[in-house]
file data16.txt (compact mmCIF, C-alpha atoms)
# COMPACT_ATOMS: atom_id res chain seq x y z
CA MET A 27 0.00 0.00 0.00
CA SER A 28 2.87 2.39 0.78
CA GLU A 29 4.12 2.18 -2.81
CA VAL A 30 0.75 3.29 -4.20
CA THR A 31 0.48 6.09 -1.63
CA ASN A 32 3.88 7.47 -2.64
CA THR A 33 3.18 7.40 -6.36
CA THR A 34 -0.11 9.30 -5.99
CA HIS A 35 1.94 12.38 -5.08
CA ASP A 36 4.24 12.02 -8.09
CA PRO A 37 3.12 14.79 -10.48
CA PHE A 38 3.90 12.70 -13.55
CA TYR A 39 1.59 9.76 -12.86
CA PHE A 40 -2.03 8.81 -12.31
CA ILE A 41 -2.92 5.59 -10.52
CA LEU A 42 -5.48 3.29 -12.16
CA THR A 43 -7.97 1.14 -10.23
CA GLY A 44 -9.07 -2.39 -11.12
CA ILE A 45 -12.30 -3.97 -9.83
CA PRO A 46 -12.83 -2.57 -6.29
CA GLY A 47 -13.03 -5.25 -3.60
CA PHE A 48 -11.91 -8.01 -5.97
CA GLU A 49 -8.20 -7.23 -6.28
CA ASP A 50 -7.27 -10.74 -5.08
CA ILE A 51 -9.02 -12.40 -8.04
CA HIS A 52 -8.05 -9.94 -10.79
CA LEU A 53 -6.40 -12.77 -12.71
CA TRP A 54 -9.70 -14.70 -12.85
CA ILE A 55 -11.66 -11.54 -13.70
CA SER A 56 -9.25 -10.95 -16.59
CA ILE A 57 -10.58 -14.09 -18.37
CA PRO A 58 -14.04 -12.69 -19.30
CA PHE A 59 -12.47 -9.31 -20.13
CA PHE A 60 -9.91 -10.98 -22.41
CA CYS A 61 -12.70 -12.99 -24.10
CA LEU A 62 -14.80 -9.84 -24.69
CA TYR A 63 -11.83 -7.95 -26.12
CA THR A 64 -11.00 -10.92 -28.38
CA ILE A 65 -14.62 -11.14 -29.62
CA SER A 66 -14.61 -7.40 -30.34
CA ILE A 67 -11.30 -7.42 -32.24
CA MET A 68 -12.09 -10.58 -34.24
CA GLY A 69 -15.70 -9.57 -34.93
CA ASN A 70 -14.96 -6.05 -36.15
CA THR A 71 -11.90 -7.18 -38.13
CA THR A 72 -14.05 -9.84 -39.83
CA ILE A 73 -16.74 -7.26 -40.72
CA LEU A 74 -14.09 -4.96 -42.23
CA THR A 75 -12.47 -7.84 -44.17
CA VAL A 76 -15.82 -9.02 -45.58
CA ILE A 77 -16.81 -5.51 -46.71
CA ARG A 78 -13.39 -4.91 -48.28
CA THR A 79 -13.25 -8.24 -50.16
CA GLU A 80 -16.88 -8.36 -51.35
CA PRO A 81 -17.47 -5.95 -54.28
CA SER A 82 -21.25 -6.31 -53.82
CA LEU A 83 -20.91 -4.72 -50.37
CA HIS A 84 -19.28 -1.52 -51.64
CA GLN A 85 -22.55 0.32 -51.07
CA PRO A 86 -23.39 3.26 -48.75
CA MET A 87 -24.98 1.12 -46.02
CA TYR A 88 -21.94 -1.17 -45.74
CA LEU A 89 -19.43 1.67 -46.04
CA PHE A 90 -21.09 3.26 -43.00
CA LEU A 91 -20.98 -0.14 -41.30
CA SER A 92 -17.23 -0.32 -41.96
CA MET A 93 -16.91 3.13 -40.28
CA LEU A 94 -18.78 1.73 -37.27
CA ALA A 95 -16.50 -1.34 -37.16
CA LEU A 96 -13.38 0.86 -37.35
CA THR A 97 -14.74 3.03 -34.52
CA ASP A 98 -15.50 -0.03 -32.38
CA LEU A 99 -12.01 -1.39 -33.08
CA GLY A 100 -10.49 1.94 -32.05
CA LEU A 101 -12.55 2.04 -28.84
CA THR A 102 -11.49 -1.51 -27.98
CA LEU A 103 -7.79 -0.93 -28.60
CA THR A 104 -7.87 2.32 -26.57
CA THR A 105 -8.88 0.67 -23.28
CA LEU A 106 -7.38 -2.82 -23.78
CA PRO A 107 -3.73 -2.03 -22.78
CA THR A 108 -4.49 -0.37 -19.43
CA VAL A 109 -7.33 -2.71 -18.44
CA MET A 110 -5.29 -5.85 -19.08
CA GLN A 111 -2.08 -4.48 -17.50
CA VAL A 112 -4.03 -3.78 -14.30
CA LEU A 113 -5.78 -7.18 -14.27
CA TRP A 114 -2.79 -9.28 -15.36
CA PHE A 115 0.25 -7.55 -13.88
CA ASN A 116 -1.22 -5.07 -11.35
CA ILE A 117 0.64 -2.26 -13.17
CA ARG A 118 -1.41 0.72 -12.08
CA GLU A 119 0.75 3.70 -12.96
CA ILE A 120 0.05 5.71 -16.11
CA SER A 121 1.90 8.87 -17.11
CA PHE A 122 0.10 12.18 -17.53
CA GLU A 123 0.82 12.19 -21.26
CA ALA A 124 -0.45 8.63 -21.78
CA CYS A 125 -3.54 9.38 -19.68
CA PHE A 126 -4.40 12.49 -21.70
CA ALA A 127 -3.83 10.56 -24.94
CA GLN A 128 -6.19 7.81 -23.73
CA VAL A 129 -8.83 10.40 -22.78
CA PHE A 130 -8.59 11.90 -26.29
CA PHE A 131 -9.01 8.57 -28.11
CA LEU A 132 -11.57 7.12 -25.68
CA HIS A 133 -13.92 10.10 -25.80
CA GLY A 134 -13.16 10.72 -29.46
CA PHE A 135 -14.17 7.19 -30.48
CA SER A 136 -17.23 7.32 -28.17
CA PHE A 137 -18.44 10.50 -29.88
CA MET A 138 -17.55 8.97 -33.25
CA GLU A 139 -19.76 5.95 -32.48
CA SER A 140 -22.70 8.27 -31.91
CA SER A 141 -21.91 10.30 -35.05
CA VAL A 142 -21.62 7.19 -37.25
CA LEU A 143 -24.97 5.86 -35.97
CA LEU A 144 -26.50 9.25 -36.83
CA ALA A 145 -25.04 9.01 -40.36
CA MET A 146 -26.40 5.46 -40.66
CA SER A 147 -29.88 6.66 -39.66
CA PHE A 148 -29.67 9.24 -42.48
CA ASP A 149 -28.66 6.43 -44.85
CA ARG A 150 -31.72 4.38 -43.79
CA TYR A 151 -33.97 7.45 -44.17
CA VAL A 152 -32.79 8.09 -47.74
CA ALA A 153 -32.98 4.37 -48.64
CA ILE A 154 -36.60 4.03 -47.46
CA CYS A 155 -38.10 7.50 -47.98
CA ARG A 156 -36.18 8.53 -51.15
CA PRO A 157 -35.30 5.17 -52.79
CA LEU A 158 -35.19 6.55 -56.35
CA HIS A 159 -32.64 9.21 -55.37
CA TYR A 160 -30.59 6.97 -53.05
CA ALA A 161 -27.68 6.36 -55.45
CA SER A 162 -27.51 10.01 -56.55
CA ILE A 163 -27.64 11.42 -52.97
CA LEU A 164 -25.23 9.02 -51.24
CA THR A 165 -22.38 8.91 -53.73
CA SER A 166 -18.87 7.76 -52.76
CA GLU A 167 -17.76 11.40 -52.61
CA VAL A 168 -20.62 12.32 -50.25
CA ILE A 169 -19.86 9.34 -47.99
CA ALA A 170 -16.17 10.31 -47.87
CA ARG A 171 -17.17 13.87 -46.89
CA ILE A 172 -19.50 12.56 -44.18
CA GLY A 173 -16.65 10.39 -42.82
CA LEU A 174 -14.27 13.38 -42.82
CA ALA A 175 -16.92 15.57 -41.14
CA ILE A 176 -17.39 12.94 -38.41
CA ILE A 177 -13.64 12.84 -37.69
CA CYS A 178 -13.38 16.66 -37.61
CA ARG A 179 -16.46 16.94 -35.40
CA CYS A 180 -15.11 14.48 -32.82
CA VAL A 181 -11.56 15.88 -32.78
CA LEU A 182 -12.82 19.46 -32.42
CA ALA A 183 -15.22 18.36 -29.67
CA VAL A 184 -12.61 16.57 -27.54
CA LEU A 185 -9.49 18.76 -27.97
CA PRO A 186 -10.80 21.91 -26.18
CA SER A 187 -11.80 19.88 -23.11
CA LEU A 188 -8.26 18.43 -22.97
CA PHE A 189 -6.64 21.86 -23.29
CA LEU A 190 -8.93 23.19 -20.55
CA LEU A 191 -8.04 20.23 -18.32
CA LYS A 192 -4.30 20.37 -19.06
CA ARG A 193 -3.96 23.92 -17.69
CA LEU A 194 -5.38 22.95 -14.27
CA PRO A 195 -3.33 21.76 -11.27
CA PHE A 196 -3.77 18.18 -9.99
CA CYS A 197 -2.86 18.62 -6.33
CA HIS A 198 -5.29 16.08 -4.86
CA SER A 199 -4.73 12.33 -4.88
CA HIS A 200 -3.94 11.06 -8.38
CA LEU A 201 -5.95 7.88 -7.82
CA LEU A 202 -8.45 7.27 -10.63
CA SER A 203 -11.57 5.15 -10.12
CA HIS A 204 -11.27 3.08 -13.33
CA SER A 205 -8.65 1.02 -15.15
CA TYR A 206 -8.53 3.66 -17.89
CA CYS A 207 -8.57 7.47 -17.96
CA LEU A 208 -11.91 9.26 -18.23
CA HIS A 209 -12.34 13.05 -18.38
CA GLN A 210 -15.09 13.05 -15.72
CA ASP A 211 -12.84 10.98 -13.47
CA MET A 212 -9.78 13.23 -13.88
CA ILE A 213 -11.71 16.47 -13.35
CA HIS A 214 -12.56 15.38 -9.80
CA LEU A 215 -8.84 15.37 -8.93
CA VAL A 216 -8.38 19.05 -9.84
CA CYS A 217 -7.98 21.60 -7.03
CA ALA A 218 -8.99 24.74 -8.94
CA ASP A 219 -12.06 26.41 -10.39
CA ILE A 220 -13.57 24.11 -13.04
CA THR A 221 -16.57 26.29 -14.02
CA VAL A 222 -15.39 26.69 -17.65
CA ASN A 223 -14.73 22.93 -17.93
CA SER A 224 -18.18 22.13 -16.52
CA TRP A 225 -19.98 24.47 -18.92
CA TYR A 226 -18.02 23.15 -21.88
CA GLY A 227 -18.81 19.57 -20.83
CA PHE A 228 -22.51 20.50 -20.54
CA ALA A 229 -22.49 22.04 -24.04
CA LEU A 230 -20.78 18.92 -25.39
CA VAL A 231 -23.44 16.69 -23.83
CA LEU A 232 -26.19 18.78 -25.44
CA LEU A 233 -24.52 18.90 -28.87
CA ILE A 234 -23.61 15.21 -29.14
CA ILE A 235 -25.09 12.99 -26.41
CA VAL A 236 -28.54 14.65 -26.59
CA LEU A 237 -28.71 15.98 -30.17
CA ASP A 238 -27.59 12.77 -31.94
CA PRO A 239 -30.26 10.50 -30.38
CA LEU A 240 -32.93 13.14 -31.03
CA LEU A 241 -31.98 13.32 -34.72
CA ILE A 242 -31.91 9.50 -34.91
CA VAL A 243 -35.41 9.36 -33.37
CA LEU A 244 -36.57 12.04 -35.85
CA SER A 245 -35.22 10.03 -38.80
CA TYR A 246 -37.05 6.92 -37.58
CA ALA A 247 -40.26 8.91 -37.08
CA LEU A 248 -40.03 9.97 -40.75
CA ILE A 249 -39.19 6.38 -41.78
CA LEU A 250 -42.18 5.04 -39.81
CA LYS A 251 -44.47 7.62 -41.39
CA SER A 252 -43.25 6.62 -44.86
CA VAL A 253 -43.49 2.89 -44.11
CA LEU A 254 -47.08 3.18 -42.84
CA ASN A 255 -48.05 4.83 -46.13
CA THR A 256 -46.77 1.86 -48.17
CA ALA A 257 -49.24 -0.50 -49.79
CA THR A 258 -48.78 -3.90 -48.12
CA TRP A 259 -47.74 -5.36 -44.77
CA THR A 260 -45.01 -7.32 -46.55
CA GLU A 261 -43.39 -4.11 -47.80
CA ARG A 262 -43.73 -2.53 -44.36
CA LEU A 263 -42.08 -5.48 -42.62
CA ARG A 264 -39.28 -5.61 -45.22
CA ALA A 265 -38.56 -1.90 -44.74
CA LEU A 266 -38.55 -2.15 -40.94
CA ASN A 267 -36.38 -5.30 -41.05
CA ASN A 268 -33.78 -3.32 -43.04
CA CYS A 269 -33.56 -0.92 -40.08
CA LEU A 270 -33.56 -3.55 -37.32
CA SER A 271 -29.77 -4.01 -37.08
CA HIS A 272 -29.25 -0.25 -36.86
CA MET A 273 -31.99 0.14 -34.22
CA LEU A 274 -30.34 -2.58 -32.09
CA ALA A 275 -26.93 -0.89 -32.47
CA VAL A 276 -28.48 2.41 -31.32
CA LEU A 277 -29.98 0.71 -28.25
CA VAL A 278 -26.67 -1.04 -27.43
CA LEU A 279 -24.91 2.35 -27.36
CA TYR A 280 -27.49 4.62 -25.74
CA VAL A 281 -29.04 2.33 -23.10
CA PRO A 282 -25.69 1.81 -21.26
CA MET A 283 -24.89 5.51 -21.84
CA VAL A 284 -28.13 6.54 -20.10
CA GLY A 285 -27.42 3.97 -17.38
CA VAL A 286 -23.97 5.47 -16.70
CA SER A 287 -25.42 9.01 -16.63
CA MET A 288 -28.22 7.97 -14.25
CA THR A 289 -25.71 6.21 -11.98
CA HIS A 290 -23.46 9.28 -11.82
CA ARG A 291 -26.47 11.54 -11.26
CA PHE A 292 -28.63 9.60 -8.79
CA ALA A 293 -26.31 6.97 -7.30
CA LYS A 294 -23.25 9.02 -6.35
CA HIS A 295 -22.97 7.20 -3.02
CA ALA A 296 -23.40 3.72 -4.51
CA SER A 297 -20.58 1.19 -4.23
CA PRO A 298 -17.58 1.99 -6.47
CA LEU A 299 -18.12 -1.46 -7.97
CA VAL A 300 -21.46 -0.28 -9.46
CA HIS A 301 -19.80 2.68 -11.21
CA VAL A 302 -16.95 0.50 -12.51
CA LEU A 303 -19.33 -2.16 -13.87
CA MET A 304 -21.59 0.42 -15.55
CA ALA A 305 -18.61 2.15 -17.18
CA ASN A 306 -17.20 -1.16 -18.46
CA ILE A 307 -20.59 -2.20 -19.87
CA TYR A 308 -20.89 1.18 -21.62
CA LEU A 309 -17.42 0.88 -23.21
CA LEU A 310 -17.50 -2.85 -24.05
CA ALA A 311 -21.14 -3.45 -25.09
CA PRO A 312 -21.09 -1.66 -28.50
CA PRO A 313 -17.74 -3.06 -29.79
CA VAL A 314 -18.69 -6.60 -28.72
CA MET A 315 -22.38 -6.58 -29.71
CA ASN A 316 -22.33 -4.62 -33.01
CA PRO A 317 -20.46 -7.25 -35.09
CA ILE A 318 -22.69 -9.98 -33.61
CA ILE A 319 -25.86 -7.99 -34.42
CA TYR A 320 -24.83 -7.26 -38.01
CA SER A 321 -23.53 -10.79 -38.60
CA VAL A 322 -26.79 -12.35 -37.39
CA LYS A 323 -29.31 -9.84 -38.77
CA THR A 324 -27.72 -8.85 -42.11
CA LYS A 325 -27.95 -11.59 -44.73
CA GLN A 326 -25.25 -10.11 -47.02
CA ILE A 327 -22.71 -9.90 -44.15
CA ARG A 328 -23.57 -13.44 -43.05
CA GLN A 329 -23.06 -14.77 -46.58
CA GLY A 330 -19.80 -12.82 -46.91
CA ILE A 331 -18.46 -14.35 -43.65
CA THR A 332 -19.42 -17.83 -44.87
CA ARG A 333 -17.57 -17.29 -48.19
CA LEU A 334 -14.54 -15.89 -46.34
CA LEU A 335 -14.39 -18.95 -44.07
CA LEU A 336 -14.76 -21.34 -47.03
CA GLN A 337 -11.94 -19.57 -48.92
CA ARG A 338 -9.61 -19.88 -45.93
CA LYS A 339 -10.55 -23.52 -45.53
CA VAL A 340 -9.69 -24.20 -49.18
CA HIS A 341 -6.31 -22.42 -48.86
call {"tool": "encode", "arguments": {"input": "data16.txt", "output": "structure tokens"}}
result
Amino acid sequence: MSEVTNTTHDPFYFILTGIPGFEDIHLWISIPFFCLYTISIMGNTTILTVIRTEPSLHQPMYLFLSMLALTDLGLTLTTLPTVMQVLWFNIREISFEACFAQVFFLHGFSFMESSVLLAMSFDRYVAICRPLHYASILTSEVIARIGLAIICRCVLAVLPSLFLLKRLPFCHSHLLSHSYCLHQDMIHLVCADITVNSWYGFALVLLIIVLDPLLIVLSYALILKSVLNTATWTERLRALNNCLSHMLAVLVLYVPMVGVSMTHRFAKHASPLVHVLMANIYLLAPPVMNPIIYSVKTKQIRQGITRLLLQRKVH
């Protein structure tokens, strides 16, 4: 314990925390974490490989799906090193620079996930409500611009919060409450006025965490209105089935996100274990579940995976 206490006062390090109360069995806890990380990496890599190797999948819907898989892969690889080093080797120190870099990528990819799902909802809206103009609206150039806009949006959203945080003094304990660096975790260790940071964080929540789901709901309201005006139940079900994978992906992201927000808001005095579990579910659920959802619910992806496996078996 003395070693950890000493390092918390070292200005160049933060101290990560594993699973509170279960430090003695971290090695056993690492098994499900390792399995989830493996599923995420293999699943998203497979989705990307299938889309790249199948010419029939070089369409707007699947290009957006490849963006989602890349985002999920980035989110997974951002938290994997620190989580596994804490669980496997009990290495809890992380430098200020590495911590700030992890905050940038972690929050950047989280915002990117939301932005890509918003772009995918626009894709579904155009496909169902404007089918005759689909190919002319969502050209390769337009998709590339949307992808670039998503990257710029997320980078410009995260960087100011990091600059605002970097200028503040960390003179309290440097002990973080997770096995990775989160902005909301680090801000609690600051011993200075954080009014500007708080207002910027609030604006960021409104612009991304609130606005994106509202726009997604609006797109589905327009889709539902269009679908209900179609002639037959068969057409209605086919149209809604085309959106099912995306709707599940939206739920997998936003339900844990709301859960984490509610926990921070209304369960501040709950066990640290509750906060750690909710944060891990929020960060691991989308990268693990999205490739499973799209592999199971999307026929073209399923067929592409089958062909990919058969090719490898032949070789």
call {"tool": "atom_distance", "arguments": {"input": "data16.txt", "atom1": "CA of Gly134 (chain A)", "atom2": "CA of Gly100 (chain A)"}}
result
9.5 Å
call {"tool": "residues_near_point", "arguments": {"input": "data16.txt", "point": "(-11.9, -6.6, -30.7)", "cutoff": "9 Å", "atoms": "all atoms listed in the file", "output": "PDB file with C-alpha atoms, in the coordinates of the input"}}
result
ATOM      1  CA  LEU A  62     -14.800  -9.840 -24.690  1.00  0.00           C
ATOM      2  CA  TYR A  63     -11.830  -7.950 -26.120  1.00  0.00           C
ATOM      3  CA  THR A  64     -11.000 -10.920 -28.380  1.00  0.00           C
ATOM      4  CA  ILE A  65     -14.620 -11.140 -29.620  1.00  0.00           C
ATOM      5  CA  SER A  66     -14.610  -7.400 -30.340  1.00  0.00           C
ATOM      6  CA  ILE A  67     -11.300  -7.420 -32.240  1.00  0.00           C
ATOM      7  CA  MET A  68     -12.090 -10.580 -34.240  1.00  0.00           C
ATOM      8  CA  GLY A  69     -15.700  -9.570 -34.930  1.00  0.00           C
ATOM      9  CA  ASN A  70     -14.960  -6.050 -36.150  1.00  0.00           C
ATOM     10  CA  THR A  71     -11.900  -7.180 -38.130  1.00  0.00           C
ATOM     11  CA  ASP A  98     -15.500  -0.030 -32.380  1.00  0.00           C
ATOM     12  CA  LEU A  99     -12.010  -1.390 -33.080  1.00  0.00           C
ATOM     13  CA  GLY A 100     -10.490   1.940 -32.050  1.00  0.00           C
ATOM     14  CA  LEU A 101     -12.550   2.040 -28.840  1.00  0.00           C
ATOM     15  CA  THR A 102     -11.490  -1.510 -27.980  1.00  0.00           C
ATOM     16  CA  LEU A 103      -7.790  -0.930 -28.600  1.00  0.00           C
ATOM     17  CA  PRO A 313     -17.740  -3.060 -29.790  1.00  0.00           C
ATOM     18  CA  VAL A 314     -18.690  -6.600 -28.720  1.00  0.00           C
TER      19      VAL A 314
END
call {"tool": "atom_distance", "arguments": {"input": "data16.txt", "atom1": "CA of Ile213 (chain A)", "atom2": "CA of Ala124 (chain A)"}}
result
16.1 Å
call {"tool": "closest_atom_pairs", "arguments": {"input": "data16.txt", "of": "region 212-278 of chain A", "to": "region 186-198 of chain A", "cutoff": "6 Å", "atoms": "only C-alpha atoms", "output": "JSON lines"}}
result
{"residue": "A:Leu215", "atom": "CA", "partner": "A:His198", "partner_atom": "CA", "distance": 5.4}
{"residue": "A:Val216", "atom": "CA", "partner": "A:Phe196", "partner_atom": "CA", "distance": 4.7}
{"residue": "A:Cys217", "atom": "CA", "partner": "A:Cys197", "partner_atom": "CA", "distance": 6.0}
call {"tool": "write_last_selection", "arguments": {"input": "data16.txt", "atoms": "C-alpha atoms", "output": "PDB file, in the coordinates of the input"}}
result
ATOM      1  CA  LEU A 215      -8.840  15.370  -8.930  1.00  0.00           C
ATOM      2  CA  VAL A 216      -8.380  19.050  -9.840  1.00  0.00           C
ATOM      3  CA  CYS A 217      -7.980  21.600  -7.030  1.00  0.00           C
TER       4      CYS A 217
END
call {"tool": "residues_around", "arguments": {"input": "data16.txt", "residues": "region 333-338 of chain A", "least_positions_apart": "4", "cutoff": "10 Å", "atoms": "only C-alpha atoms", "output": "count of residues only"}}
result
8
call {"tool": "closest_atom_pairs", "arguments": {"input": "data16.txt", "of": "region 138-212 of chain A", "to": "region 223-240 of chain A", "cutoff": "12 Å", "atoms": "all atoms listed in the file", "output": "JSON lines"}}
result
{"residue": "A:Met138", "atom": "CA", "partner": "A:Ile234", "partner_atom": "CA", "distance": 9.6}
{"residue": "A:Glu139", "atom": "CA", "partner": "A:Asp238", "partner_atom": "CA", "distance": 10.4}
{"residue": "A:Ser140", "atom": "CA", "partner": "A:Asp238", "partner_atom": "CA", "distance": 6.6}
{"residue": "A:Ser141", "atom": "CA", "partner": "A:Asp238", "partner_atom": "CA", "distance": 6.9}
{"residue": "A:Val142", "atom": "CA", "partner": "A:Asp238", "partner_atom": "CA", "distance": 9.7}
{"residue": "A:Leu143", "atom": "CA", "partner": "A:Asp238", "partner_atom": "CA", "distance": 8.4}
{"residue": "A:Leu144", "atom": "CA", "partner": "A:Asp238", "partner_atom": "CA", "distance": 6.1}
{"residue": "A:Ala145", "atom": "CA", "partner": "A:Asp238", "partner_atom": "CA", "distance": 9.6}
{"residue": "A:Met146", "atom": "CA", "partner": "A:Asp238", "partner_atom": "CA", "distance": 11.4}
{"residue": "A:Ser147", "atom": "CA", "partner": "A:Pro239", "partner_atom": "CA", "distance": 10.1}
{"residue": "A:Phe148", "atom": "CA", "partner": "A:Asp238", "partner_atom": "CA", "distance": 11.3}
{"residue": "A:Ile176", "atom": "CA", "partner": "A:Ile234", "partner_atom": "CA", "distance": 11.4}
{"residue": "A:Arg179", "atom": "CA", "partner": "A:Ile234", "partner_atom": "CA", "distance": 9.7}
{"residue": "A:Cys180", "atom": "CA", "partner": "A:Ile234", "partner_atom": "CA", "distance": 9.3}
{"residue": "A:Leu182", "atom": "CA", "partner": "A:Leu230", "partner_atom": "CA", "distance": 10.6}
{"residue": "A:Ala183", "atom": "CA", "partner": "A:Leu230", "partner_atom": "CA", "distance": 7.0}
{"residue": "A:Val184", "atom": "CA", "partner": "A:Leu230", "partner_atom": "CA", "distance": 8.8}
{"residue": "A:Leu185", "atom": "CA", "partner": "A:Tyr226", "partner_atom": "CA", "distance": 11.4}
{"residue": "A:Pro186", "atom": "CA", "partner": "A:Tyr226", "partner_atom": "CA", "distance": 8.5}
{"residue": "A:Ser187", "atom": "CA", "partner": "A:Asn223", "partner_atom": "CA", "distance": 6.7}
{"residue": "A:Leu188", "atom": "CA", "partner": "A:Asn223", "partner_atom": "CA", "distance": 9.4}
{"residue": "A:Phe189", "atom": "CA", "partner": "A:Asn223", "partner_atom": "CA", "distance": 9.8}
{"residue": "A:Leu190", "atom": "CA", "partner": "A:Asn223", "partner_atom": "CA", "distance": 6.4}
{"residue": "A:Leu191", "atom": "CA", "partner": "A:Asn223", "partner_atom": "CA", "distance": 7.2}
{"residue": "A:Lys192", "atom": "CA", "partner": "A:Asn223", "partner_atom": "CA", "distance": 10.8}
{"residue": "A:Arg193", "atom": "CA", "partner": "A:Asn223", "partner_atom": "CA", "distance": 10.8}
{"residue": "A:Leu194", "atom": "CA", "partner": "A:Asn223", "partner_atom": "CA", "distance": 10.0}
{"residue": "A:His209", "atom": "CA", "partner": "A:Gly227", "partner_atom": "CA", "distance": 9.5}
{"residue": "A:Gln210", "atom": "CA", "partner": "A:Gly227", "partner_atom": "CA", "distance": 9.1}
{"residue": "A:Met212", "atom": "CA", "partner": "A:Asn223", "partner_atom": "CA", "distance": 11.6}
call {"tool": "write_last_selection", "arguments": {"input": "data16.txt", "atoms": "C-alpha atoms", "output": "PDB file, in the coordinates of the input"}}
result
ATOM      1  CA  MET A 138     -17.550   8.970 -33.250  1.00  0.00           C
ATOM      2  CA  GLU A 139     -19.760   5.950 -32.480  1.00  0.00           C
ATOM      3  CA  SER A 140     -22.700   8.270 -31.910  1.00  0.00           C
ATOM      4  CA  SER A 141     -21.910  10.300 -35.050  1.00  0.00           C
ATOM      5  CA  VAL A 142     -21.620   7.190 -37.250  1.00  0.00           C
ATOM      6  CA  LEU A 143     -24.970   5.860 -35.970  1.00  0.00           C
ATOM      7  CA  LEU A 144     -26.500   9.250 -36.830  1.00  0.00           C
ATOM      8  CA  ALA A 145     -25.040   9.010 -40.360  1.00  0.00           C
ATOM      9  CA  MET A 146     -26.400   5.460 -40.660  1.00  0.00           C
ATOM     10  CA  SER A 147     -29.880   6.660 -39.660  1.00  0.00           C
ATOM     11  CA  PHE A 148     -29.670   9.240 -42.480  1.00  0.00           C
ATOM     12  CA  ILE A 176     -17.390  12.940 -38.410  1.00  0.00           C
ATOM     13  CA  ARG A 179     -16.460  16.940 -35.400  1.00  0.00           C
ATOM     14  CA  CYS A 180     -15.110  14.480 -32.820  1.00  0.00           C
ATOM     15  CA  LEU A 182     -12.820  19.460 -32.420  1.00  0.00           C
ATOM     16  CA  ALA A 183     -15.220  18.360 -29.670  1.00  0.00           C
ATOM     17  CA  VAL A 184     -12.610  16.570 -27.540  1.00  0.00           C
ATOM     18  CA  LEU A 185      -9.490  18.760 -27.970  1.00  0.00           C
ATOM     19  CA  PRO A 186     -10.800  21.910 -26.180  1.00  0.00           C
ATOM     20  CA  SER A 187     -11.800  19.880 -23.110  1.00  0.00           C
ATOM     21  CA  LEU A 188      -8.260  18.430 -22.970  1.00  0.00           C
ATOM     22  CA  PHE A 189      -6.640  21.860 -23.290  1.00  0.00           C
ATOM     23  CA  LEU A 190      -8.930  23.190 -20.550  1.00  0.00           C
ATOM     24  CA  LEU A 191      -8.040  20.230 -18.320  1.00  0.00           C
ATOM     25  CA  LYS A 192      -4.300  20.370 -19.060  1.00  0.00           C
ATOM     26  CA  ARG A 193      -3.960  23.920 -17.690  1.00  0.00           C
ATOM     27  CA  LEU A 194      -5.380  22.950 -14.270  1.00  0.00           C
ATOM     28  CA  HIS A 209     -12.340  13.050 -18.380  1.00  0.00           C
ATOM     29  CA  GLN A 210     -15.090  13.050 -15.720  1.00  0.00           C
ATOM     30  CA  MET A 212      -9.780  13.230 -13.880  1.00  0.00           C
TER      31      MET A 212
END
call {"tool": "residues_near_point", "arguments": {"input": "data16.txt", "point": "(-14.9, -3.4, -13.5)", "cutoff": "7 Å", "atoms": "all atoms listed in the file", "output": "PyMOL selection string"}}
result
chain A and resi 44-45+299+302-303+306
call {"tool": "atom_distance", "arguments": {"input": "data16.txt", "atom1": "CA of Ile41 (chain A)", "atom2": "CA of Asn116 (chain A)"}}
result
10.8 Å
call {"tool": "residues_around", "arguments": {"input": "data16.txt", "residues": "Val109 (chain A)", "least_positions_apart": "5", "cutoff": "12 Å", "atoms": "all atoms listed in the file", "output": "PDB file with C-alpha atoms, in the frame of the given file"}}
result
ATOM      1  CA  LEU A  42      -5.480   3.290 -12.160  1.00  0.00           C
ATOM      2  CA  THR A  43      -7.970   1.140 -10.230  1.00  0.00           C
ATOM      3  CA  GLY A  44      -9.070  -2.390 -11.120  1.00  0.00           C
ATOM      4  CA  ILE A  45     -12.300  -3.970  -9.830  1.00  0.00           C
ATOM      5  CA  HIS A  52      -8.050  -9.940 -10.790  1.00  0.00           C
ATOM      6  CA  LEU A  53      -6.400 -12.770 -12.710  1.00  0.00           C
ATOM      7  CA  ILE A  55     -11.660 -11.540 -13.700  1.00  0.00           C
ATOM      8  CA  SER A  56      -9.250 -10.950 -16.590  1.00  0.00           C
ATOM      9  CA  ILE A  57     -10.580 -14.090 -18.370  1.00  0.00           C
ATOM     10  CA  PHE A  59     -12.470  -9.310 -20.130  1.00  0.00           C
ATOM     11  CA  PHE A  60      -9.910 -10.980 -22.410  1.00  0.00           C
ATOM     12  CA  TYR A  63     -11.830  -7.950 -26.120  1.00  0.00           C
ATOM     13  CA  THR A 102     -11.490  -1.510 -27.980  1.00  0.00           C
ATOM     14  CA  LEU A 103      -7.790  -0.930 -28.600  1.00  0.00           C
ATOM     15  CA  THR A 104      -7.870   2.320 -26.570  1.00  0.00           C
ATOM     16  CA  TRP A 114      -2.790  -9.280 -15.360  1.00  0.00           C
ATOM     17  CA  PHE A 115       0.250  -7.550 -13.880  1.00  0.00           C
ATOM     18  CA  ASN A 116      -1.220  -5.070 -11.350  1.00  0.00           C
ATOM     19  CA  ILE A 117       0.640  -2.260 -13.170  1.00  0.00           C
ATOM     20  CA  ARG A 118      -1.410   0.720 -12.080  1.00  0.00           C
ATOM     21  CA  GLU A 119       0.750   3.700 -12.960  1.00  0.00           C
ATOM     22  CA  ILE A 120       0.050   5.710 -16.110  1.00  0.00           C
ATOM     23  CA  GLN A 128      -6.190   7.810 -23.730  1.00  0.00           C
ATOM     24  CA  HIS A 204     -11.270   3.080 -13.330  1.00  0.00           C
ATOM     25  CA  SER A 205      -8.650   1.020 -15.150  1.00  0.00           C
ATOM     26  CA  TYR A 206      -8.530   3.660 -17.890  1.00  0.00           C
ATOM     27  CA  CYS A 207      -8.570   7.470 -17.960  1.00  0.00           C
ATOM     28  CA  VAL A 302     -16.950   0.500 -12.510  1.00  0.00           C
ATOM     29  CA  ASN A 306     -17.200  -1.160 -18.460  1.00  0.00           C
ATOM     30  CA  LEU A 309     -17.420   0.880 -23.210  1.00  0.00           C
ATOM     31  CA  LEU A 310     -17.500  -2.850 -24.050  1.00  0.00           C
TER      32      LEU A 310
END
